[in-house]
Amino acid sequence: MIAPPNPGSGGFDNVVLAWNGSFQAARAVEYALPLLAKAKAITMLVVGSTPDDVGANYLARNLGRHGIKTTIDAIDPGAVSGRSRGRALLDYTHGKGADLLVMGAYGRGQVLSFLGLGGATGKVISSCRVPLLMAH
């Protein structure tokens with residue numbers, strides 16, 4: 001869990017869940033389950049794929065079995081760098097007025113991300129204005 005300089009107060013009522021079907025994203029969802037169960041609105045966001053390509057409907061159905069209702073949304077930033085995908089994710093999260101962002105970390109291109117040559121994870125960590133729950 002990473003808190004921004006001004007984390008705000010109150011609960012995590014409005015949560016954005018970044019979903020790409022990866023092991024890291026699944027782990028982040030698992031860690032976030034207690035917070036998701038208390039949230040009033042959860043948006044599962046798929047960036048750069050279709051929800052069907054990454055099994056978003058299956059995850060939504062599984063979360064529903066835990067009493068967690070989600071809506072699914074998708075955005076396509078186009079054929080851009082990882083940092084641009086991270087920027088699109090942040091724009092969506094901040095525009096939604098989310099209280100928490102949940103996502104997997106360093107799923108692809110770990111070496112390039114470590115060297116500072118791109119990656120959505122690095123962009124999100126450096127620029128997220130809401131608390132961030134990540135898993136690797």
# chains A, B, ... in the order shown; residues from 1 in each chain; ligands from 1

call {"tool": "residues_around", "arguments": {"residues": "Met103 (chain A)", "least_positions_apart": "6", "cutoff": "7 Å", "atoms": "only C-alpha atoms", "output": "PDB file with C-alpha atoms, in the first residue's frame"}}
result
ATOM      1  CA  LEU A  17      -9.396  -1.943  -9.975  1.00  0.00           C
ATOM      2  CA  ALA A  18      -6.925  -2.077 -12.888  1.00  0.00           C
ATOM      3  CA  TRP A  19      -7.312  -5.498 -14.500  1.00  0.00           C
ATOM      4  CA  ALA A  25      -3.304  -8.153 -10.881  1.00  0.00           C
ATOM      5  CA  ALA A  28      -3.613  -7.393  -5.905  1.00  0.00           C
ATOM      6  CA  LEU A 133      -2.548  -0.998  -3.399  1.00  0.00           C
ATOM      7  CA  MET A 134      -0.135  -2.965  -5.568  1.00  0.00           C
ATOM      8  CA  ALA A 135       1.113  -6.528  -5.706  1.00  0.00           C
TER       9      ALA A 135
END

call {"tool": "select_by_dssp", "arguments": {"residues": "chain A", "states": "strand (DSSP E)", "output": "ChimeraX atom specification"}}
result
/A:14-18,41-47,71-75,100-104,132-135

call {"tool": "closest_residue", "arguments": {"among": "A:Ser84, A:Asn14, A:Ser9, A:Thr43", "to": "Leu59 (chain A)", "atoms": "only C-alpha atoms"}}
result
A:Thr43

call {"tool": "residues_around", "arguments": {"residues": "Leu63 (chain A)", "least_positions_apart": "5", "cutoff": "12 Å", "atoms": "only C-alpha atoms", "output": "PyMOL selection string"}}
result
chain A and resi 17+26+29-30+32-34+36-37+42-44+56-58+68-71

call {"tool": "atom_distance", "arguments": {"atom1": "CA of Ala39 (chain A)", "atom2": "CA of Phe12 (chain A)"}}
result
5.9 Å

call {"tool": "closest_residue", "arguments": {"among": "A:Gly86, A:Gly97, A:Pro7, A:Gly104", "to": "Ser126 (chain A)", "atoms": "only C-alpha atoms"}}
result
A:Gly86

call {"tool": "residues_around", "arguments": {"residues": "Leu100 (chain A)", "least_positions_apart": "2", "cutoff": "8 Å", "atoms": "only C-alpha atoms", "output": "list of chain:residue names"}}
result
A:Phe12, A:Asn14, A:Val15, A:Val16, A:Ala98, A:Val102, A:Val130, A:Pro131, A:Leu132, A:Leu133

call {"tool": "closest_residue", "arguments": {"among": "A:Tyr31, A:Ser127, A:Ala74, A:Asp99", "to": "Gly11 (chain A)", "atoms": "only C-alpha atoms"}}
result
A:Asp99

call {"tool": "closest_residue", "arguments": {"among": "A:Arg61, A:Lys38, A:Arg27, A:His94", "to": "Arg129 (chain A)", "atoms": "only C-alpha atoms"}}
result
A:His94
